[in-house]
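The next block is entry_9.cif, given as mmCIF, C-alpha atoms and all ligand atoms.
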data_final
#
loop_
_atom_site.label_atom_id
_atom_site.label_comp_id
_atom_site.auth_asym_id
_atom_site.auth_seq_id
_atom_site.Cartn_x
_atom_site.Cartn_y
_atom_site.Cartn_z
CA MET A 1 85.71 117.69 107.55
CA ASP A 2 85.58 121.47 107.40
CA GLN A 3 87.51 123.57 104.87
CA THR A 4 90.63 123.78 107.06
CA ASP A 5 90.64 120.01 107.51
CA THR A 6 90.35 119.44 103.75
CA LYS A 7 93.17 121.91 103.07
CA THR A 8 95.35 120.24 105.71
CA SER A 9 94.60 116.78 104.28
CA LYS A 10 95.58 117.98 100.79
CA PHE A 11 98.74 119.54 102.17
CA LEU A 12 99.66 116.28 103.93
CA SER A 13 98.97 114.28 100.75
CA TYR A 14 101.22 116.63 98.81
CA VAL A 15 104.21 116.49 101.16
CA LEU A 16 103.85 112.83 102.23
CA ARG A 17 103.18 111.42 98.75
CA HIS A 18 104.65 113.75 96.18
CA GLN A 19 106.93 116.65 97.17
CA PRO A 20 108.42 116.33 100.70
CA GLU A 21 111.37 118.44 99.52
CA SER A 22 109.00 121.37 98.90
CA ILE A 23 109.12 122.00 102.67
CA GLY A 24 112.57 120.48 103.28
CA LEU A 25 111.10 117.27 104.75
CA THR A 26 112.80 113.88 104.52
CA LEU A 27 110.78 110.66 104.26
CA ASP A 28 112.34 107.25 104.83
CA SER A 29 111.94 104.50 102.23
CA GLU A 30 108.76 103.29 103.98
CA GLY A 31 107.30 106.78 103.64
CA TRP A 32 107.54 107.78 107.31
CA ALA A 33 108.15 111.36 108.46
CA ASP A 34 108.85 112.44 112.02
CA ILE A 35 105.77 114.41 113.12
CA GLY A 36 107.75 117.03 115.06
CA THR A 37 109.97 117.64 112.03
CA LEU A 38 106.93 117.81 109.75
CA ILE A 39 105.37 120.49 111.97
CA LYS A 40 108.63 122.47 112.00
CA CYS A 41 109.21 122.20 108.22
CA ALA A 42 105.58 123.14 107.52
CA SER A 43 105.72 126.22 109.74
CA GLN A 44 108.95 127.36 108.06
CA HIS A 45 106.94 127.30 104.82
CA GLY A 46 103.93 129.19 106.15
CA LYS A 47 101.71 126.21 106.99
CA ARG A 48 100.69 125.96 110.63
CA LEU A 49 100.20 122.44 111.95
CA ASN A 50 100.14 120.91 115.40
CA HIS A 51 99.95 117.40 116.83
CA SER A 52 96.23 117.45 117.58
CA LEU A 53 95.30 118.76 114.11
CA ILE A 54 97.42 116.05 112.49
CA GLU A 55 95.90 113.34 114.70
CA LYS A 56 92.41 114.59 113.87
CA ILE A 57 93.07 114.50 110.10
CA VAL A 58 94.48 110.96 110.32
CA GLU A 59 91.42 109.88 112.31
CA ILE A 60 88.62 111.51 110.29
CA ASN A 61 90.14 111.21 106.82
CA ASP A 62 87.46 109.72 104.55
CA LYS A 63 89.82 107.32 102.80
CA LYS A 64 92.16 106.67 105.73
CA ARG A 65 94.99 108.03 103.59
CA PHE A 66 97.43 108.42 106.49
CA ALA A 67 98.77 106.30 109.34
CA ILE A 68 100.58 107.15 112.56
CA SER A 69 103.32 104.78 113.79
CA ALA A 70 102.80 102.62 116.87
CA ASP A 71 105.12 104.87 118.90
CA GLN A 72 103.02 107.91 117.80
CA LYS A 73 106.12 109.71 116.56
CA ARG A 74 105.82 109.29 112.80
CA ILE A 75 103.22 109.69 110.05
CA ARG A 76 102.99 108.38 106.49
CA ALA A 77 100.60 108.19 103.55
CA VAL A 78 99.52 104.56 103.13
CA GLN A 79 99.39 104.65 99.32
CA GLY A 80 99.36 106.98 96.32
CA HIS A 81 103.03 108.01 96.32
CA SER A 82 104.88 109.45 93.37
CA THR A 83 108.10 110.56 95.13
CA GLN A 84 111.04 108.34 94.26
CA LYS A 85 112.35 108.72 97.82
CA VAL A 86 109.73 106.24 99.00
CA ASP A 87 109.46 102.58 98.11
CA ILE A 88 107.09 100.96 100.58
CA CYS A 89 107.65 97.24 100.91
CA TYR A 90 104.01 96.14 100.72
CA GLN A 91 103.31 92.49 101.49
CA GLU A 92 102.04 90.39 98.65
CA LYS A 93 98.39 89.45 98.91
CA ILE A 94 96.08 87.18 96.92
CA PRO A 95 93.46 89.43 95.29
CA PRO A 96 89.76 88.67 94.94
CA ALA A 97 88.56 87.30 91.60
CA ILE A 98 87.60 90.76 90.38
CA LEU A 99 88.87 94.26 91.11
CA TYR A 100 87.69 97.52 89.54
CA HIS A 101 89.44 100.54 88.08
CA GLY A 102 87.58 103.80 87.56
CA THR A 103 88.97 106.07 84.90
CA ALA A 104 87.81 108.59 82.29
CA THR A 105 86.64 107.87 78.75
CA ARG A 106 89.32 110.21 77.38
CA PHE A 107 92.05 107.77 78.56
CA LEU A 108 90.47 104.71 76.96
CA ASP A 109 92.25 104.75 73.58
CA SER A 110 95.60 104.90 75.31
CA ILE A 111 94.64 102.28 77.92
CA VAL A 112 93.53 99.88 75.17
CA LYS A 113 96.94 100.32 73.52
CA GLN A 114 99.16 100.16 76.64
CA GLY A 115 97.09 98.55 79.36
CA LEU A 116 96.85 100.31 82.72
CA VAL A 117 100.17 101.86 83.70
CA ALA A 118 101.19 103.48 86.98
CA GLY A 119 102.17 106.80 85.37
CA THR A 120 103.64 109.14 87.95
CA ARG A 121 102.54 106.99 90.88
CA HIS A 122 104.29 103.78 91.92
CA TYR A 123 101.33 101.50 91.25
CA VAL A 124 98.06 101.16 89.38
CA HIS A 125 95.33 101.62 92.00
CA LEU A 126 92.39 99.22 92.00
CA SER A 127 89.19 99.14 94.07
CA ALA A 128 87.41 96.18 95.59
CA ASP A 129 84.00 97.62 94.75
CA GLU A 130 82.46 99.39 91.81
CA SER A 131 81.12 102.36 93.76
CA THR A 132 84.61 103.35 94.93
CA ALA A 133 85.92 102.93 91.39
CA ILE A 134 83.20 105.31 90.15
CA LYS A 135 84.35 107.99 92.62
CA VAL A 136 88.00 107.52 91.60
CA GLY A 137 87.11 107.77 87.89
CA GLN A 138 84.94 110.86 88.33
CA ARG A 139 88.02 112.82 89.41
CA HIS A 140 89.26 112.58 85.84
CA GLY A 141 86.12 113.32 83.79
CA LYS A 142 83.42 111.19 82.17
CA VAL A 143 83.75 107.99 84.12
CA ILE A 144 84.24 104.51 82.78
CA ILE A 145 84.68 101.38 84.90
CA LEU A 146 87.07 98.60 83.98
CA LYS A 147 86.60 95.13 85.44
CA ILE A 148 89.95 93.50 86.12
CA GLU A 149 90.49 89.72 86.27
CA ALA A 150 92.73 90.13 89.29
CA ARG A 151 92.83 86.52 90.50
CA LEU A 152 93.67 85.29 87.02
CA MET A 153 96.48 87.87 86.81
CA TYR A 154 97.78 86.68 90.16
CA GLU A 155 97.64 83.04 89.02
CA GLN A 156 99.61 84.03 85.97
CA GLY A 157 102.39 85.66 87.98
CA PHE A 158 101.38 89.29 88.61
CA LYS A 159 101.96 90.57 92.13
CA PHE A 160 99.25 92.30 94.14
CA HIS A 161 99.38 94.27 97.39
CA GLN A 162 96.78 95.94 99.57
CA ALA A 163 97.48 99.22 101.33
CA ASP A 164 96.28 99.67 104.93
CA ASN A 165 93.25 101.59 103.69
CA GLY A 166 92.07 98.74 101.45
CA VAL A 167 93.24 100.10 98.09
CA TRP A 168 94.68 97.34 95.87
CA LEU A 169 97.98 97.94 94.11
CA THR A 170 99.69 96.30 91.16
CA LYS A 171 102.37 97.51 88.78
CA THR A 172 100.47 97.18 85.51
CA VAL A 173 97.31 95.63 84.05
CA PRO A 174 97.63 94.28 80.48
CA VAL A 175 94.59 94.74 78.24
CA ALA A 176 93.93 90.99 78.15
CA TYR A 177 92.75 91.09 81.78
CA MET A 178 90.29 93.95 81.53
CA SER A 179 86.80 94.56 80.22
CA ILE A 180 84.61 97.64 80.16
CA ILE A 181 81.58 97.18 82.36
CA SER A 182 79.88 100.54 82.35
CA ARG A 183 79.90 103.96 80.86
CA SER A 184 77.90 106.87 82.22
C1 LIG B 201 94.96 106.57 83.85
C2 LIG B 201 93.12 108.58 94.67
C3 LIG B 201 96.24 106.69 79.68
C4 LIG B 201 94.29 105.94 85.03
C5 LIG B 201 92.18 107.51 94.17
C6 LIG B 201 93.94 107.16 85.85
C7 LIG B 201 93.06 106.30 94.03
C8 LIG B 201 96.06 105.80 81.78
C9 LIG B 201 95.07 108.13 85.53
C10 LIG B 201 94.42 106.87 93.82
C11 LIG B 201 96.79 104.66 81.37
C12 LIG B 201 96.06 108.27 86.65
C13 LIG B 201 94.86 106.69 92.40
C14 LIG B 201 97.21 104.59 80.04
C15 LIG B 201 96.26 104.41 83.45
N1 LIG B 201 96.92 105.62 79.23
N2 LIG B 201 95.79 106.80 80.93
N3 LIG B 201 97.91 103.55 79.57
N4 LIG B 201 96.89 103.82 82.43
N5 LIG B 201 95.74 105.60 83.06
O1 LIG B 201 95.21 109.89 89.95
O2 LIG B 201 93.88 105.43 89.82
O3 LIG B 201 91.99 110.51 96.81
O4 LIG B 201 97.38 108.75 89.26
O5 LIG B 201 93.14 105.21 84.61
O6 LIG B 201 91.11 107.32 95.03
O7 LIG B 201 92.86 107.74 89.37
O8 LIG B 201 94.39 110.76 96.19
O9 LIG B 201 95.38 107.38 89.57
O10 LIG B 201 92.71 107.70 85.45
O11 LIG B 201 93.06 105.47 95.15
O12 LIG B 201 93.71 109.38 98.18
O13 LIG B 201 95.76 107.57 84.40
O14 LIG B 201 94.33 108.27 94.09
O15 LIG B 201 93.25 108.55 96.03
O16 LIG B 201 95.46 109.01 87.66
O17 LIG B 201 93.91 107.26 91.52
P1 LIG B 201 95.91 108.84 89.17
P2 LIG B 201 93.92 106.92 89.99
P3 LIG B 201 93.33 109.87 96.85
#
Written form, structure tokens:
Amino acid sequence: MDQTDTKTSKFLSYVLRHQPESIGLTLDSEGWADIGTLIKCASQHGKRLNHSLIEKIVEINDKKRFAISADQKRIRAVQGHSTQKVDICYQEKIPPAILYHGTATRFLDSIVKQGLVAGTRHYVHLSADESTAIKVGQRHGKVIILKIEARLMYEQGFKFHQADNGVWLTKTVPVAYMSIISRS
């Protein structure tokens, strides 16, 4: 990804996950936007996009953040939303025994009091492997990895989902199901 690709990916994340109204774009409840309309709305707000650039970003995106519909007409972010306009109906899925959550040491006191909460996003995001969790946590500061007893949570009634890019989603993780496995 060159600098333009990264900027475009960030722009798409912003409008498809958080603020579609910032460019006058409408998403449906499954998060889909018409690609032609997206290009038009973006250009009216000074951001030049075209079909081939969008297709390239979807294809090369490191985390496979976006998907294009089967008919090629629509695009959406596969997870990470905060906009209340979107409520993707993810299928329930049985999680592996353990999932990981990377966060920063500065959040720990609050996490120990409240458990993991979704905050502005719709879900708590969990990773299947520790190395991904480390990368997620590093975005916030001095990283700390929490090991989550996901299968036990599931057996005790918590719902889990997996986005198309592999990220695991659940609404909340109570403290009883987590342990700290590493600090850097
Ligand atoms: C923390 C990225 C205080 C939580 C990533 C996290 C992921 C609490 C931060 C996806 C808390 C929220 C999501 C509590 C949770 N008290 N802090 N009770 N409960 N937190 O960015 O999981 O690159 O909204 O630990 O890769 O870091 O954008 O969530 O540190 O998949 O595609 O509050 O976003 O994907 O931060 O990341 P975020 P996240 P993209």
Select from chain A every residue with an atom at most 8 Å from any atom of ligand LIG 201 (chain B), then for each give the shortest pair of atoms and their distance in Å to one decimal, using all atoms listed in the file, rows by chain and rising number, as JSON lines.
{"residue": "A:Ser13", "atom": "CA", "partner": "B:LIG201", "partner_atom": "O8", "distance": 7.4}
{"residue": "A:Lys63", "atom": "CA", "partner": "B:LIG201", "partner_atom": "O12", "distance": 6.4}
{"residue": "A:Arg65", "atom": "CA", "partner": "B:LIG201", "partner_atom": "O12", "distance": 5.7}
{"residue": "A:Gln79", "atom": "CA", "partner": "B:LIG201", "partner_atom": "O12", "distance": 7.5}
{"residue": "A:Gly80", "atom": "CA", "partner": "B:LIG201", "partner_atom": "C10", "distance": 5.5}
{"residue": "A:His101", "atom": "CA", "partner": "B:LIG201", "partner_atom": "O2", "distance": 6.8}
{"residue": "A:Gly102", "atom": "CA", "partner": "B:LIG201", "partner_atom": "O5", "distance": 6.5}
{"residue": "A:Thr103", "atom": "CA", "partner": "B:LIG201", "partner_atom": "O10", "distance": 4.1}
{"residue": "A:Ala104", "atom": "CA", "partner": "B:LIG201", "partner_atom": "O10", "distance": 5.9}
{"residue": "A:Phe107", "atom": "CA", "partner": "B:LIG201", "partner_atom": "C3", "distance": 4.5}
{"residue": "A:Leu108", "atom": "CA", "partner": "B:LIG201", "partner_atom": "C3", "distance": 6.7}
{"residue": "A:Asp109", "atom": "CA", "partner": "B:LIG201", "partner_atom": "N1", "distance": 7.4}
{"residue": "A:Ser110", "atom": "CA", "partner": "B:LIG201", "partner_atom": "N1", "distance": 4.2}
{"residue": "A:Ile111", "atom": "CA", "partner": "B:LIG201", "partner_atom": "N3", "distance": 3.9}
{"residue": "A:Val112", "atom": "CA", "partner": "B:LIG201", "partner_atom": "N3", "distance": 7.2}
{"residue": "A:Lys113", "atom": "CA", "partner": "B:LIG201", "partner_atom": "N3", "distance": 6.9}
{"residue": "A:Gln114", "atom": "CA", "partner": "B:LIG201", "partner_atom": "N3", "distance": 4.7}
{"residue": "A:Gly115", "atom": "CA", "partner": "B:LIG201", "partner_atom": "N3", "distance": 5.1}
{"residue": "A:Leu116", "atom": "CA", "partner": "B:LIG201", "partner_atom": "N4", "distance": 3.5}
{"residue": "A:Val117", "atom": "CA", "partner": "B:LIG201", "partner_atom": "N4", "distance": 4.0}
{"residue": "A:Ala118", "atom": "CA", "partner": "B:LIG201", "partner_atom": "C15", "distance": 6.1}
{"residue": "A:Gly119", "atom": "CA", "partner": "B:LIG201", "partner_atom": "C12", "distance": 6.4}
{"residue": "A:Thr120", "atom": "CA", "partner": "B:LIG201", "partner_atom": "O4", "distance": 6.4}
{"residue": "A:Arg121", "atom": "CA", "partner": "B:LIG201", "partner_atom": "O4", "distance": 5.7}
{"residue": "A:Val124", "atom": "CA", "partner": "B:LIG201", "partner_atom": "O2", "distance": 6.0}
{"residue": "A:His125", "atom": "CA", "partner": "B:LIG201", "partner_atom": "O2", "distance": 4.6}
{"residue": "A:Leu126", "atom": "CA", "partner": "B:LIG201", "partner_atom": "O2", "distance": 6.7}
{"residue": "A:Ser127", "atom": "CA", "partner": "B:LIG201", "partner_atom": "O11", "distance": 7.5}
{"residue": "A:Thr132", "atom": "CA", "partner": "B:LIG201", "partner_atom": "O6", "distance": 7.6}
{"residue": "A:Ala133", "atom": "CA", "partner": "B:LIG201", "partner_atom": "O6", "distance": 7.7}
{"residue": "A:Lys135", "atom": "CA", "partner": "B:LIG201", "partner_atom": "O6", "distance": 7.2}
{"residue": "A:Val136", "atom": "CA", "partner": "B:LIG201", "partner_atom": "O6", "distance": 4.6}
{"residue": "A:Gly137", "atom": "CA", "partner": "B:LIG201", "partner_atom": "O7", "distance": 5.9}
{"residue": "A:Arg139", "atom": "CA", "partner": "B:LIG201", "partner_atom": "O7", "distance": 7.0}
{"residue": "A:His140", "atom": "CA", "partner": "B:LIG201", "partner_atom": "O10", "distance": 6.0}
{"residue": "A:Val167", "atom": "CA", "partner": "B:LIG201", "partner_atom": "O11", "distance": 6.1}
I'd like the neighbourhood of Lys159 (chain A) as a PyMOL selection string, where a residue qualifies if any of its atoms comes within 7 Å (using all atoms listed in the file), though same-chain residues fewer than 5 positions away should be ignored. chain A and resi 92+154+170
Spatial neighbours of Val15 (chain A), 12 Å, only C-alpha atoms, chain gap at least 6 places, as a ChimeraX atom specification: /A:8-9,21-27,31-33,38-39,41-42,45,47,66,75-77,80-83,85-86
So, counting all atoms listed in the file, which residue among A:Ile180, A:Ile54, A:Leu16, A:Leu146 is closest to Gln72 (chain A)?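 The shortest atom-to-atom distance to Gln72 (chain A) comes from A:Ile54.
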One decimal, in Å: what's the spacing between CA of Gln19 (chain A) and CA of Trp168 (chain A)?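 According to the coordinates, CA of Gln19 (chain A) and CA of Trp168 (chain A) are separated by 22.9 Å.
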For CA of Glu59 (chain A) and CA of Thr6 (chain A), quote the distance in Å rounded to one decimal. 12.9 Å
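The interatomic distance for the pair CA of Pro174 (chain A) and CA of Arg106 (chain A) works out to 18.2 Å.
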Starting from the sparse input, extend region 56-67 of chain A to all heavy atoms and give the output as a CSV table (one decimal), in the coordinates of the input.
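Below is the file selection.csv, written as the result:
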chain,number,residue,atom,x,y,z
A,56,LYS,N,93.8,114.5,114.3
A,56,LYS,CA,92.4,114.6,113.9
A,56,LYS,C,92.3,114.2,112.4
A,56,LYS,O,91.4,113.5,112.0
A,56,LYS,CB,91.9,116.0,114.1
A,56,LYS,CG,90.5,116.3,113.7
A,56,LYS,CD,90.1,117.7,114.0
A,56,LYS,CE,88.9,118.2,113.2
A,56,LYS,NZ,88.8,119.6,113.1
A,57,ILE,N,93.2,114.8,111.5
A,57,ILE,CA,93.1,114.5,110.1
A,57,ILE,C,93.3,113.0,109.8
A,57,ILE,O,92.6,112.4,109.0
A,57,ILE,CB,94.1,115.3,109.3
A,57,ILE,CG1,93.9,116.8,109.5
A,57,ILE,CG2,94.2,115.0,107.8
A,57,ILE,CD1,92.5,117.3,109.1
A,58,VAL,N,94.2,112.4,110.5
A,58,VAL,CA,94.5,111.0,110.3
A,58,VAL,C,93.2,110.2,110.7
A,58,VAL,O,92.8,109.3,110.0
A,58,VAL,CB,95.7,110.5,111.2
A,58,VAL,CG1,95.8,109.0,111.1
A,58,VAL,CG2,97.0,111.2,110.7
A,59,GLU,N,92.6,110.6,111.8
A,59,GLU,CA,91.4,109.9,112.3
A,59,GLU,C,90.2,110.0,111.4
A,59,GLU,O,89.5,109.1,111.1
A,59,GLU,CB,91.1,110.4,113.7
A,59,GLU,CG,90.0,109.8,114.5
A,59,GLU,CD,90.1,108.3,114.7
A,59,GLU,OE1,91.3,107.9,114.8
A,59,GLU,OE2,89.1,107.6,114.6
A,60,ILE,N,89.9,111.3,111.0
A,60,ILE,CA,88.6,111.5,110.3
A,60,ILE,C,88.7,111.4,108.8
A,60,ILE,O,87.7,111.5,108.1
A,60,ILE,CB,88.0,112.9,110.6
A,60,ILE,CG1,88.9,114.0,110.1
A,60,ILE,CG2,87.8,113.0,112.1
A,60,ILE,CD1,88.2,115.4,110.3
A,61,ASN,N,90.0,111.2,108.3
A,61,ASN,CA,90.1,111.2,106.8
A,61,ASN,C,89.2,110.2,106.1
A,61,ASN,O,89.3,109.0,106.5
A,61,ASN,CB,91.6,110.9,106.5
A,61,ASN,CG,92.0,111.2,105.1
A,61,ASN,OD1,92.0,110.3,104.3
A,61,ASN,ND2,92.2,112.5,104.8
A,62,ASP,N,88.5,110.6,105.1
A,62,ASP,CA,87.5,109.7,104.6
A,62,ASP,C,88.0,108.4,104.0
A,62,ASP,O,87.5,107.4,104.1
A,62,ASP,CB,86.6,110.5,103.5
A,62,ASP,CG,87.5,111.1,102.4
A,62,ASP,OD1,88.7,111.2,102.6
A,62,ASP,OD2,86.9,111.6,101.4
A,63,LYS,N,89.2,108.5,103.4
A,63,LYS,CA,89.8,107.3,102.8
A,63,LYS,C,90.9,106.7,103.6
A,63,LYS,O,91.7,105.9,103.1
A,63,LYS,CB,90.4,107.7,101.4
A,63,LYS,CG,89.3,107.9,100.4
A,63,LYS,CD,90.0,107.9,99.0
A,63,LYS,CE,89.1,108.3,97.9
A,63,LYS,NZ,89.9,108.7,96.7
A,64,LYS,N,91.1,107.2,104.9
A,64,LYS,CA,92.2,106.7,105.7
A,64,LYS,C,93.5,106.7,105.0
A,64,LYS,O,94.2,105.7,104.9
A,64,LYS,CB,91.8,105.2,106.2
A,64,LYS,CG,90.6,105.2,107.1
A,64,LYS,CD,90.9,105.5,108.5
A,64,LYS,CE,89.6,105.6,109.4
A,64,LYS,NZ,89.7,106.7,110.4
A,65,ARG,N,93.8,107.9,104.4
A,65,ARG,CA,95.0,108.0,103.6
A,65,ARG,C,96.3,108.0,104.4
A,65,ARG,O,97.3,107.7,103.8
A,65,ARG,CB,95.0,109.4,102.9
A,65,ARG,CG,93.9,109.5,101.8
A,65,ARG,CD,93.9,110.9,101.2
A,65,ARG,NE,92.9,111.0,100.1
A,65,ARG,CZ,91.7,111.4,100.3
A,65,ARG,NH1,91.2,111.7,101.5
A,65,ARG,NH2,90.9,111.5,99.3
A,66,PHE,N,96.2,108.3,105.7
A,66,PHE,CA,97.4,108.4,106.5
A,66,PHE,C,97.4,107.5,107.7
A,66,PHE,O,96.4,107.0,108.1
A,66,PHE,CB,97.6,109.9,107.0
A,66,PHE,CG,97.3,110.9,106.0
A,66,PHE,CD1,96.2,111.7,106.0
A,66,PHE,CD2,98.3,111.1,105.0
A,66,PHE,CE1,95.9,112.6,105.0
A,66,PHE,CE2,98.0,112.1,104.0
A,66,PHE,CZ,96.9,112.8,104.0
A,67,ALA,N,98.7,107.1,108.1
A,67,ALA,CA,98.8,106.3,109.3
A,67,ALA,C,99.8,106.9,110.3
A,67,ALA,O,100.8,107.5,109.8
A,67,ALA,CB,99.2,104.9,108.9
